[in-house]
Amino acid sequence: MAALLALGGCGASAPPPVSHEGKPLRIVSVNPCIDAVLMRVADPGQIVAISSYSHDPRATSIPLAQAKRFAAIDGSAEAIVALRPDLVLASGSLTPATSAALARLGIRKVELGLPQSIAESEAQVRDIARAVGHPARGDALAGEMAAAVAAARAPGAPVPALIWQGGGLVPAAETLPDEMLRTAGFANQAASYGLRNWDQLPLERLVARPPRLLLTPPGAARDDRTLGHPVVRRLRTRIAVRDFPERLLFCGGPTIIDALARLRAVRQSL
């Protein structure tokens with residue numbers, strides 16, 4: 001803390017530099033979903049550090065090899081200030097003390113919400129691109145997302161489906177995965193079980209009334225006792241069960257493109 005106070009004292013009168021074009025030169029992200037967008041809209045040389053979650057194979061939203069090219073940060077005030085960034089991108093992950101320290105140092109901070117729709121995510125992509133000084137790249141990525149939506153749309157009656165992840169976690173209405181399911185020609189069955197937003201569905205209720213299609217993480221039988229239960233394996237003889245990686249669930253931006261491509265492939269496989 002003494003080191004942090006010392007940095008704060010000298011930094012208040014000398015904020016980190018910004019390029020002549022107004023583009024931030026030293027960007028720090030403390031959110032893995034933001035990391036994925038940064039990879040598409042910022043120059044690699046602008047990025048000083050990304051979220052430590054992006055170095056975790058279970059949590060990253062970008063290829064691990066790509067993530068390892070950048071330093072990882074835990075989001076603490078000490079770690080951020082030591083890097084002397086001129087822009088910090090966060091999503092509800094900074095403590096009030098950290099936010100106050102950044103303000104004292106004159107470090108620009110942009111707080112971003114968690115998109116709950118494809119439209120919100122497209123808008124956020126453009127916001128991030130403007131913040132890093134490359135608005136045209138944000139427009140291009142948002143255009144790719146819109147094209148992925150158009151490509152994923154499927155004719156015919158929606159297929160009853162359920163995303164069922166580790167611990168029985170299910171995305172229901174008013175979530176981004178719910179909209180992606182509907183976009184790709186599926187009818188999310190979460191509401192039929194009385195589930196709302198992000199909820200949990202016990203194994204017993206799933207087995208009693210399974211959907212036509214169940215989307216689970218690859219390798220689930222090895223990693224999760226519920227998903228690897230013998231009853232779930234026997235379900236495969238009654239319904240369609242397809243892989244849907246957890247990394248496609250929680251982020252917008254370019255992750256939406258990958259998620260819709262996967263859902264499109266699943267729909268075509270039925």
# chains A, B, ... in the order shown; residues from 1 in each chain; ligands from 1
call {"tool": "residues_around", "arguments": {"residues": "region 124-134 of chain A", "least_positions_apart": "2", "cutoff": "10 Å", "atoms": "only C-alpha atoms", "output": "short mmCIF file (atom, residue, chain, number, x, y, z; two decimals) with all heavy atoms, in the first residue's frame"}}
result
data_model
loop_
_atom_site.label_atom_id
_atom_site.label_comp_id
_atom_site.auth_asym_id
_atom_site.auth_seq_id
_atom_site.Cartn_x
_atom_site.Cartn_y
_atom_site.Cartn_z
N GLU A 21 -2.24 11.16 -31.74
CA GLU A 21 -3.50 10.96 -32.44
C GLU A 21 -4.67 10.76 -31.48
O GLU A 21 -5.79 10.52 -31.91
CB GLU A 21 -3.41 9.74 -33.37
CG GLU A 21 -2.40 9.88 -34.51
CD GLU A 21 -0.98 9.61 -34.05
OE1 GLU A 21 -0.81 9.02 -32.96
OE2 GLU A 21 -0.05 10.01 -34.76
N GLY A 22 -4.42 10.81 -30.20
CA GLY A 22 -5.49 10.61 -29.23
C GLY A 22 -5.73 9.16 -28.90
O GLY A 22 -6.65 8.84 -28.15
N LYS A 23 -4.93 8.25 -29.45
CA LYS A 23 -5.09 6.83 -29.15
C LYS A 23 -4.33 6.49 -27.88
O LYS A 23 -3.18 6.90 -27.71
CB LYS A 23 -4.57 5.96 -30.30
CG LYS A 23 -5.30 6.14 -31.62
CD LYS A 23 -4.71 5.20 -32.67
CE LYS A 23 -5.45 5.33 -34.00
NZ LYS A 23 -5.16 6.63 -34.64
N PRO A 24 -4.92 5.72 -26.98
CA PRO A 24 -4.18 5.30 -25.78
C PRO A 24 -3.01 4.40 -26.18
O PRO A 24 -3.12 3.56 -27.08
CB PRO A 24 -5.22 4.54 -24.96
CG PRO A 24 -6.26 4.12 -25.94
CD PRO A 24 -6.29 5.19 -26.99
N LEU A 25 -1.89 4.60 -25.50
CA LEU A 25 -0.68 3.84 -25.80
C LEU A 25 -0.51 2.64 -24.89
O LEU A 25 0.20 1.69 -25.24
CB LEU A 25 0.55 4.75 -25.67
CG LEU A 25 0.66 5.92 -26.65
CD1 LEU A 25 1.85 6.79 -26.29
CD2 LEU A 25 0.77 5.41 -28.07
N ARG A 26 -1.13 2.68 -23.70
CA ARG A 26 -0.93 1.62 -22.71
C ARG A 26 -2.30 1.22 -22.16
O ARG A 26 -2.82 1.87 -21.24
CB ARG A 26 0.01 2.09 -21.60
CG ARG A 26 1.40 2.45 -22.09
CD ARG A 26 2.31 2.90 -20.96
NE ARG A 26 2.53 1.84 -19.98
CZ ARG A 26 3.39 0.84 -20.13
NH1 ARG A 26 4.11 0.75 -21.23
NH2 ARG A 26 3.54 -0.08 -19.18
N ILE A 27 -2.87 0.16 -22.73
CA ILE A 27 -4.22 -0.29 -22.37
C ILE A 27 -4.12 -1.50 -21.45
O ILE A 27 -3.37 -2.44 -21.71
CB ILE A 27 -5.04 -0.66 -23.61
CG1 ILE A 27 -5.16 0.54 -24.55
CG2 ILE A 27 -6.43 -1.17 -23.22
CD1 ILE A 27 -5.75 0.19 -25.91
N ILE A 34 -13.78 -8.50 -22.48
CA ILE A 34 -13.19 -7.33 -23.11
C ILE A 34 -11.91 -7.71 -23.84
O ILE A 34 -11.63 -7.20 -24.93
CB ILE A 34 -12.94 -6.24 -22.06
CG1 ILE A 34 -14.26 -5.76 -21.45
CG2 ILE A 34 -12.19 -5.05 -22.69
CD1 ILE A 34 -14.09 -4.79 -20.31
N VAL A 37 -12.52 -8.75 -27.39
CA VAL A 37 -12.79 -7.64 -28.30
C VAL A 37 -11.50 -6.88 -28.61
O VAL A 37 -11.24 -6.51 -29.76
CB VAL A 37 -13.85 -6.69 -27.70
CG1 VAL A 37 -14.10 -5.51 -28.64
CG2 VAL A 37 -15.15 -7.43 -27.42
N LEU A 38 -10.67 -6.67 -27.58
CA LEU A 38 -9.41 -5.95 -27.79
C LEU A 38 -8.55 -6.62 -28.85
O LEU A 38 -7.87 -5.95 -29.63
CB LEU A 38 -8.63 -5.88 -26.48
CG LEU A 38 -8.93 -4.72 -25.53
CD1 LEU A 38 -7.98 -4.78 -24.34
CD2 LEU A 38 -8.80 -3.38 -26.24
N ARG A 40 -9.35 -7.84 -31.45
CA ARG A 40 -9.84 -7.51 -32.78
C ARG A 40 -9.78 -6.02 -33.11
O ARG A 40 -9.75 -5.67 -34.30
CB ARG A 40 -11.29 -8.00 -32.93
CG ARG A 40 -11.47 -9.50 -32.82
CD ARG A 40 -10.87 -10.22 -34.03
NE ARG A 40 -11.39 -9.68 -35.27
CZ ARG A 40 -12.52 -10.09 -35.85
NH1 ARG A 40 -13.23 -11.07 -35.29
NH2 ARG A 40 -12.93 -9.57 -36.98
N VAL A 41 -9.82 -5.16 -32.11
CA VAL A 41 -9.95 -3.73 -32.42
C VAL A 41 -8.74 -2.89 -32.02
O VAL A 41 -8.62 -1.73 -32.45
CB VAL A 41 -11.22 -3.13 -31.77
CG1 VAL A 41 -12.46 -3.87 -32.24
CG2 VAL A 41 -11.14 -3.13 -30.24
N ALA A 42 -7.83 -3.41 -31.20
CA ALA A 42 -6.65 -2.65 -30.77
C ALA A 42 -5.41 -3.18 -31.47
O ALA A 42 -5.35 -4.34 -31.89
CB ALA A 42 -6.49 -2.73 -29.26
N ASP A 43 -4.40 -2.33 -31.58
CA ASP A 43 -3.09 -2.80 -32.03
C ASP A 43 -2.45 -3.59 -30.90
O ASP A 43 -2.55 -3.19 -29.73
CB ASP A 43 -2.18 -1.61 -32.37
CG ASP A 43 -2.65 -0.85 -33.60
OD1 ASP A 43 -3.32 -1.45 -34.45
OD2 ASP A 43 -2.36 0.38 -33.68
N GLN A 46 -0.58 -1.68 -28.32
CA GLN A 46 -1.31 -0.83 -27.38
C GLN A 46 -1.63 -1.56 -26.08
O GLN A 46 -1.89 -0.93 -25.06
CB GLN A 46 -2.64 -0.36 -28.00
CG GLN A 46 -2.53 0.65 -29.12
CD GLN A 46 -3.91 1.02 -29.65
OE1 GLN A 46 -4.50 0.31 -30.44
NE2 GLN A 46 -4.43 2.15 -29.17
N ILE A 47 -1.67 -2.88 -26.11
CA ILE A 47 -2.16 -3.67 -24.99
C ILE A 47 -1.01 -4.00 -24.04
O ILE A 47 -0.08 -4.73 -24.40
CB ILE A 47 -2.83 -4.97 -25.49
CG1 ILE A 47 -3.95 -4.64 -26.48
CG2 ILE A 47 -3.38 -5.77 -24.31
CD1 ILE A 47 -4.50 -5.85 -27.21
N LEU A 87 -5.27 3.85 -20.18
CA LEU A 87 -6.67 3.44 -20.31
C LEU A 87 -6.86 2.10 -19.62
O LEU A 87 -6.11 1.16 -19.89
CB LEU A 87 -7.08 3.33 -21.78
CG LEU A 87 -8.50 2.80 -22.06
CD1 LEU A 87 -9.55 3.74 -21.47
CD2 LEU A 87 -8.73 2.59 -23.55
N VAL A 88 -7.85 2.01 -18.76
CA VAL A 88 -8.21 0.76 -18.11
C VAL A 88 -9.64 0.42 -18.51
O VAL A 88 -10.56 1.24 -18.35
CB VAL A 88 -8.11 0.87 -16.57
CG1 VAL A 88 -8.59 -0.42 -15.90
CG2 VAL A 88 -6.68 1.17 -16.16
N LEU A 89 -9.83 -0.78 -19.02
CA LEU A 89 -11.15 -1.27 -19.42
C LEU A 89 -11.61 -2.31 -18.42
O LEU A 89 -10.89 -3.28 -18.17
CB LEU A 89 -11.10 -1.86 -20.83
CG LEU A 89 -10.69 -0.89 -21.95
CD1 LEU A 89 -10.50 -1.65 -23.25
CD2 LEU A 89 -11.73 0.20 -22.12
N ARG A 108 -7.48 7.18 -17.21
CA ARG A 108 -8.83 7.04 -17.75
C ARG A 108 -9.33 5.61 -17.53
O ARG A 108 -8.62 4.64 -17.80
CB ARG A 108 -8.84 7.38 -19.23
CG ARG A 108 -10.23 7.32 -19.86
CD ARG A 108 -10.13 7.55 -21.36
NE ARG A 108 -11.42 7.39 -22.00
CZ ARG A 108 -11.58 7.11 -23.29
NH1 ARG A 108 -10.51 6.98 -24.07
NH2 ARG A 108 -12.79 6.96 -23.80
N LYS A 109 -10.56 5.51 -17.07
CA LYS A 109 -11.18 4.20 -16.84
C LYS A 109 -12.52 4.17 -17.58
O LYS A 109 -13.31 5.11 -17.50
CB LYS A 109 -11.40 3.96 -15.35
CG LYS A 109 -12.25 2.74 -15.02
CD LYS A 109 -12.36 2.56 -13.52
CE LYS A 109 -13.20 3.66 -12.86
NZ LYS A 109 -14.65 3.50 -13.15
N VAL A 110 -12.77 3.09 -18.30
CA VAL A 110 -14.05 2.88 -18.97
C VAL A 110 -14.69 1.64 -18.38
O VAL A 110 -14.14 0.54 -18.49
CB VAL A 110 -13.88 2.74 -20.49
CG1 VAL A 110 -15.21 2.41 -21.15
CG2 VAL A 110 -13.30 4.02 -21.09
N LEU A 112 -17.67 -1.05 -18.49
CA LEU A 112 -18.58 -1.61 -19.49
C LEU A 112 -19.49 -2.62 -18.82
O LEU A 112 -19.07 -3.38 -17.94
CB LEU A 112 -17.78 -2.28 -20.61
CG LEU A 112 -16.85 -1.33 -21.37
CD1 LEU A 112 -15.67 -2.08 -21.94
CD2 LEU A 112 -17.60 -0.62 -22.47
N GLY A 113 -20.75 -2.65 -19.23
CA GLY A 113 -21.70 -3.60 -18.67
C GLY A 113 -21.57 -4.98 -19.30
O GLY A 113 -20.74 -5.21 -20.20
N LEU A 114 -22.41 -5.89 -18.85
CA LEU A 114 -22.47 -7.23 -19.42
C LEU A 114 -23.62 -7.27 -20.41
O LEU A 114 -24.79 -7.20 -20.01
CB LEU A 114 -22.68 -8.28 -18.32
CG LEU A 114 -22.74 -9.74 -18.77
CD1 LEU A 114 -21.39 -10.16 -19.35
CD2 LEU A 114 -23.13 -10.65 -17.61
N PRO A 115 -23.35 -7.35 -21.72
CA PRO A 115 -24.43 -7.31 -22.70
C PRO A 115 -25.41 -8.48 -22.51
O PRO A 115 -24.99 -9.62 -22.32
CB PRO A 115 -23.69 -7.43 -24.04
CG PRO A 115 -22.29 -7.04 -23.76
CD PRO A 115 -22.02 -7.46 -22.35
N ILE A 118 -27.70 -9.39 -28.42
CA ILE A 118 -26.74 -9.24 -29.50
C ILE A 118 -26.58 -7.77 -29.86
O ILE A 118 -25.46 -7.30 -30.11
CB ILE A 118 -27.18 -10.07 -30.71
CG1 ILE A 118 -27.15 -11.57 -30.37
CG2 ILE A 118 -26.29 -9.79 -31.92
CD1 ILE A 118 -27.73 -12.47 -31.44
N ALA A 119 -27.69 -7.02 -29.87
CA ALA A 119 -27.63 -5.60 -30.20
C ALA A 119 -26.77 -4.85 -29.18
O ALA A 119 -25.96 -3.98 -29.54
CB ALA A 119 -29.03 -5.01 -30.26
N GLU A 120 -26.93 -5.17 -27.89
CA GLU A 120 -26.12 -4.52 -26.86
C GLU A 120 -24.64 -4.85 -27.05
O GLU A 120 -23.78 -4.00 -26.83
CB GLU A 120 -26.57 -4.97 -25.47
CG GLU A 120 -27.89 -4.37 -25.02
CD GLU A 120 -28.27 -4.84 -23.63
OE1 GLU A 120 -27.41 -5.42 -22.92
OE2 GLU A 120 -29.44 -4.64 -23.24
N SER A 121 -24.35 -6.06 -27.45
CA SER A 121 -22.96 -6.46 -27.65
C SER A 121 -22.35 -5.74 -28.84
O SER A 121 -21.19 -5.32 -28.79
CB SER A 121 -22.86 -7.97 -27.84
OG SER A 121 -21.51 -8.37 -27.94
N GLU A 122 -23.11 -5.59 -29.92
CA GLU A 122 -22.60 -4.86 -31.08
C GLU A 122 -22.29 -3.41 -30.69
O GLU A 122 -21.26 -2.86 -31.10
CB GLU A 122 -23.62 -4.90 -32.22
CG GLU A 122 -23.76 -6.26 -32.87
CD GLU A 122 -24.83 -6.29 -33.95
OE1 GLU A 122 -25.46 -5.23 -34.18
OE2 GLU A 122 -25.04 -7.35 -34.57
N ALA A 136 -13.32 2.33 -36.77
CA ALA A 136 -13.65 1.58 -37.98
C ALA A 136 -13.55 0.08 -37.74
O ALA A 136 -14.32 -0.72 -38.31
CB ALA A 136 -12.73 1.99 -39.13
N ARG A 137 -12.61 -0.33 -36.89
CA ARG A 137 -12.48 -1.76 -36.57
C ARG A 137 -13.69 -2.25 -35.78
O ARG A 137 -14.12 -3.39 -35.94
CB ARG A 137 -11.20 -2.01 -35.78
CG ARG A 137 -9.94 -1.69 -36.58
CD ARG A 137 -8.69 -1.90 -35.74
NE ARG A 137 -7.48 -1.43 -36.42
CZ ARG A 137 -6.28 -1.43 -35.88
NH1 ARG A 137 -6.10 -1.88 -34.63
NH2 ARG A 137 -5.24 -0.98 -36.57
N GLY A 138 -14.24 -1.39 -34.93
CA GLY A 138 -15.45 -1.76 -34.21
C GLY A 138 -16.62 -1.93 -35.15
O GLY A 138 -17.42 -2.86 -35.01
N ASP A 139 -16.74 -1.03 -36.12
CA ASP A 139 -17.80 -1.16 -37.11
C ASP A 139 -17.66 -2.45 -37.89
O ASP A 139 -18.65 -3.14 -38.19
CB ASP A 139 -17.77 0.04 -38.08
CG ASP A 139 -18.13 1.36 -37.40
OD1 ASP A 139 -18.80 1.32 -36.34
OD2 ASP A 139 -17.76 2.42 -37.94
N ALA A 140 -16.42 -2.80 -38.24
CA ALA A 140 -16.19 -4.02 -39.01
C ALA A 140 -16.56 -5.26 -38.21
O ALA A 140 -17.21 -6.19 -38.73
CB ALA A 140 -14.74 -4.09 -39.46
N LEU A 141 -16.16 -5.30 -36.93
CA LEU A 141 -16.48 -6.45 -36.10
C LEU A 141 -17.98 -6.56 -35.86
O LEU A 141 -18.55 -7.66 -35.92
CB LEU A 141 -15.74 -6.35 -34.76
CG LEU A 141 -15.99 -7.47 -33.74
CD1 LEU A 141 -15.76 -8.84 -34.36
CD2 LEU A 141 -15.10 -7.28 -32.51
N ALA A 142 -18.64 -5.43 -35.62
CA ALA A 142 -20.09 -5.46 -35.47
C ALA A 142 -20.76 -5.96 -36.74
O ALA A 142 -21.78 -6.67 -36.69
CB ALA A 142 -20.61 -4.07 -35.10
N MET A 145 -20.55 -9.67 -36.79
CA MET A 145 -21.54 -10.24 -35.88
C MET A 145 -22.91 -10.26 -36.52
O MET A 145 -23.65 -11.25 -36.42
CB MET A 145 -21.55 -9.45 -34.57
CG MET A 145 -20.27 -9.58 -33.77
SD MET A 145 -20.06 -8.29 -32.51
CE MET A 145 -21.46 -8.67 -31.43
N GLY A 252 -19.95 -11.59 -25.14
CA GLY A 252 -20.45 -11.14 -26.42
C GLY A 252 -19.30 -10.96 -27.38
O GLY A 252 -18.33 -11.71 -27.38
N GLY A 253 -19.39 -9.92 -28.22
CA GLY A 253 -18.32 -9.63 -29.16
C GLY A 253 -18.06 -10.79 -30.11
O GLY A 253 -18.99 -11.45 -30.59
N PRO A 254 -16.80 -11.06 -30.42
CA PRO A 254 -16.47 -12.13 -31.37
C PRO A 254 -16.91 -13.51 -30.90
O PRO A 254 -17.05 -14.43 -31.72
CB PRO A 254 -14.95 -12.05 -31.51
CG PRO A 254 -14.48 -11.32 -30.30
CD PRO A 254 -15.57 -10.38 -29.93
#
call {"tool": "select_by_dssp", "arguments": {"residues": "region 106-261 of chain A", "states": "strand (DSSP E or B)", "output": "NGL selection string"}}
result
:A and (108-111 or 159-163 or 169-171 or 186-188 or 198-200 or 213-216 or 240-243)
call {"tool": "atom_distance", "arguments": {"atom1": "CA of Pro202 (chain A)", "atom2": "CA of Ser117 (chain A)"}}
result
26.4 Å
call {"tool": "closest_residue", "arguments": {"among": "A:Gly219, A:Val30, A:Gly168, A:Val266", "to": "Thr98 (chain A)", "atoms": "only C-alpha atoms"}}
result
A:Val30
call {"tool": "residues_around", "arguments": {"residues": "Pro155 (chain A)", "least_positions_apart": "5", "cutoff": "12 Å", "atoms": "only C-alpha atoms", "output": "PyMOL selection string"}}
result
chain A and resi 150+182-186+264+267-268
call {"tool": "write_last_selection", "arguments": {"atoms": "C-alpha atoms", "output": "CSV table (one decimal), in the first residue's frame"}}
result
chain,number,residue,atom,x,y,z
A,150,ALA,CA,-28.1,-13.7,-40.7
A,182,ARG,CA,-33.7,-18.4,-30.8
A,183,THR,CA,-31.7,-16.8,-33.6
A,184,ALA,CA,-30.3,-20.2,-34.7
A,185,GLY,CA,-33.7,-21.9,-34.9
A,186,PHE,CA,-34.1,-23.4,-31.4
A,264,ARG,CA,-25.8,-23.5,-36.9
A,267,ARG,CA,-29.0,-27.5,-36.2
A,268,GLN,CA,-27.7,-28.9,-39.5
call {"tool": "residues_around", "arguments": {"residues": "Phe70 (chain A)", "least_positions_apart": "3", "cutoff": "12 Å", "atoms": "only C-alpha atoms", "output": "list of chain:residue names"}}
result
A:Ile27, A:Val28, A:Ser29, A:Asp35, A:Leu38, A:Met39, A:Pro44, A:Gly45, A:Gln46, A:Ile47, A:Val48, A:Ala49, A:Ile50, A:Ser51, A:Ser52, A:Ser54, A:His55, A:Ile62, A:Leu64, A:Ala65, A:Gln66, A:Ala67, A:Ile73
call {"tool": "write_last_selection", "arguments": {"atoms": "N, CA and C atoms", "output": "PDB file, in the first residue's frame"}}
result
ATOM      1  N   ILE A  27      -2.870   0.161 -22.730  1.00  0.00           N
ATOM      2  CA  ILE A  27      -4.217  -0.288 -22.366  1.00  0.00           C
ATOM      3  C   ILE A  27      -4.120  -1.499 -21.448  1.00  0.00           C
ATOM      4  N   VAL A  28      -4.900  -1.475 -20.388  1.00  0.00           N
ATOM      5  CA  VAL A  28      -5.024  -2.617 -19.486  1.00  0.00           C
ATOM      6  C   VAL A  28      -6.494  -3.034 -19.457  1.00  0.00           C
ATOM      7  N   SER A  29      -6.747  -4.319 -19.631  1.00  0.00           N
ATOM      8  CA  SER A  29      -8.096  -4.884 -19.515  1.00  0.00           C
ATOM      9  C   SER A  29      -8.126  -5.840 -18.334  1.00  0.00           C
ATOM     10  N   ASP A  35     -11.135  -8.625 -23.250  1.00  0.00           N
ATOM     11  CA  ASP A  35      -9.899  -9.089 -23.901  1.00  0.00           C
ATOM     12  C   ASP A  35     -10.182  -9.569 -25.324  1.00  0.00           C
ATOM     13  N   LEU A  38     -10.674  -6.668 -27.581  1.00  0.00           N
ATOM     14  CA  LEU A  38      -9.411  -5.953 -27.786  1.00  0.00           C
ATOM     15  C   LEU A  38      -8.549  -6.621 -28.848  1.00  0.00           C
ATOM     16  N   MET A  39      -8.543  -7.951 -28.866  1.00  0.00           N
ATOM     17  CA  MET A  39      -7.724  -8.659 -29.841  1.00  0.00           C
ATOM     18  C   MET A  39      -8.104  -8.282 -31.273  1.00  0.00           C
ATOM     19  N   PRO A  44      -1.768  -4.697 -31.196  1.00  0.00           N
ATOM     20  CA  PRO A  44      -1.113  -5.462 -30.125  1.00  0.00           C
ATOM     21  C   PRO A  44      -0.186  -4.610 -29.263  1.00  0.00           C
ATOM     22  N   GLY A  45       0.485  -3.651 -29.886  1.00  0.00           N
ATOM     23  CA  GLY A  45       1.401  -2.808 -29.141  1.00  0.00           C
ATOM     24  C   GLY A  45       0.733  -1.871 -28.164  1.00  0.00           C
ATOM     25  N   GLN A  46      -0.580  -1.676 -28.323  1.00  0.00           N
ATOM     26  CA  GLN A  46      -1.309  -0.826 -27.381  1.00  0.00           C
ATOM     27  C   GLN A  46      -1.630  -1.560 -26.084  1.00  0.00           C
ATOM     28  N   ILE A  47      -1.667  -2.880 -26.114  1.00  0.00           N
ATOM     29  CA  ILE A  47      -2.158  -3.675 -24.987  1.00  0.00           C
ATOM     30  C   ILE A  47      -1.007  -4.001 -24.043  1.00  0.00           C
ATOM     31  N   VAL A  48      -1.081  -3.477 -22.835  1.00  0.00           N
ATOM     32  CA  VAL A  48      -0.042  -3.715 -21.832  1.00  0.00           C
ATOM     33  C   VAL A  48      -0.329  -4.990 -21.045  1.00  0.00           C
ATOM     34  N   ALA A  49      -1.601  -5.224 -20.728  1.00  0.00           N
ATOM     35  CA  ALA A  49      -1.964  -6.415 -19.955  1.00  0.00           C
ATOM     36  C   ALA A  49      -3.430  -6.734 -20.172  1.00  0.00           C
ATOM     37  N   ILE A  50      -3.765  -8.014 -20.012  1.00  0.00           N
ATOM     38  CA  ILE A  50      -5.139  -8.480 -20.105  1.00  0.00           C
ATOM     39  C   ILE A  50      -5.512  -9.194 -18.803  1.00  0.00           C
ATOM     40  N   SER A  51      -6.746  -9.611 -18.716  1.00  0.00           N
ATOM     41  CA  SER A  51      -7.225 -10.265 -17.499  1.00  0.00           C
ATOM     42  C   SER A  51      -6.505 -11.593 -17.252  1.00  0.00           C
ATOM     43  N   SER A  52      -6.259 -11.887 -16.001  1.00  0.00           N
ATOM     44  CA  SER A  52      -5.630 -13.170 -15.650  1.00  0.00           C
ATOM     45  C   SER A  52      -6.510 -14.351 -16.052  1.00  0.00           C
ATOM     46  N   SER A  54      -7.884 -14.779 -18.809  1.00  0.00           N
ATOM     47  CA  SER A  54      -7.572 -15.157 -20.190  1.00  0.00           C
ATOM     48  C   SER A  54      -6.370 -16.078 -20.287  1.00  0.00           C
ATOM     49  N   HIS A  55      -5.611 -16.231 -19.181  1.00  0.00           N
ATOM     50  CA  HIS A  55      -4.514 -17.198 -19.140  1.00  0.00           C
ATOM     51  C   HIS A  55      -4.977 -18.535 -18.562  1.00  0.00           C
ATOM     52  N   ILE A  62     -10.364 -16.247 -25.553  1.00  0.00           N
ATOM     53  CA  ILE A  62      -9.499 -16.163 -26.727  1.00  0.00           C
ATOM     54  C   ILE A  62      -8.564 -17.363 -26.710  1.00  0.00           C
ATOM     55  N   LEU A  64      -5.598 -19.671 -26.100  1.00  0.00           N
ATOM     56  CA  LEU A  64      -4.621 -19.552 -25.023  1.00  0.00           C
ATOM     57  C   LEU A  64      -3.264 -19.084 -25.542  1.00  0.00           C
ATOM     58  N   ALA A  65      -2.866 -19.562 -26.699  1.00  0.00           N
ATOM     59  CA  ALA A  65      -1.575 -19.148 -27.259  1.00  0.00           C
ATOM     60  C   ALA A  65      -1.553 -17.651 -27.531  1.00  0.00           C
ATOM     61  N   GLN A  66      -2.673 -17.127 -27.983  1.00  0.00           N
ATOM     62  CA  GLN A  66      -2.767 -15.683 -28.222  1.00  0.00           C
ATOM     63  C   GLN A  66      -2.728 -14.914 -26.908  1.00  0.00           C
ATOM     64  N   ALA A  67      -3.448 -15.420 -25.905  1.00  0.00           N
ATOM     65  CA  ALA A  67      -3.479 -14.751 -24.605  1.00  0.00           C
ATOM     66  C   ALA A  67      -2.097 -14.690 -23.970  1.00  0.00           C
ATOM     67  N   ILE A  73      -3.131  -9.723 -15.585  1.00  0.00           N
ATOM     68  CA  ILE A  73      -3.259  -8.873 -14.409  1.00  0.00           C
ATOM     69  C   ILE A  73      -4.494  -9.297 -13.619  1.00  0.00           C
TER      70      ILE A  73
END
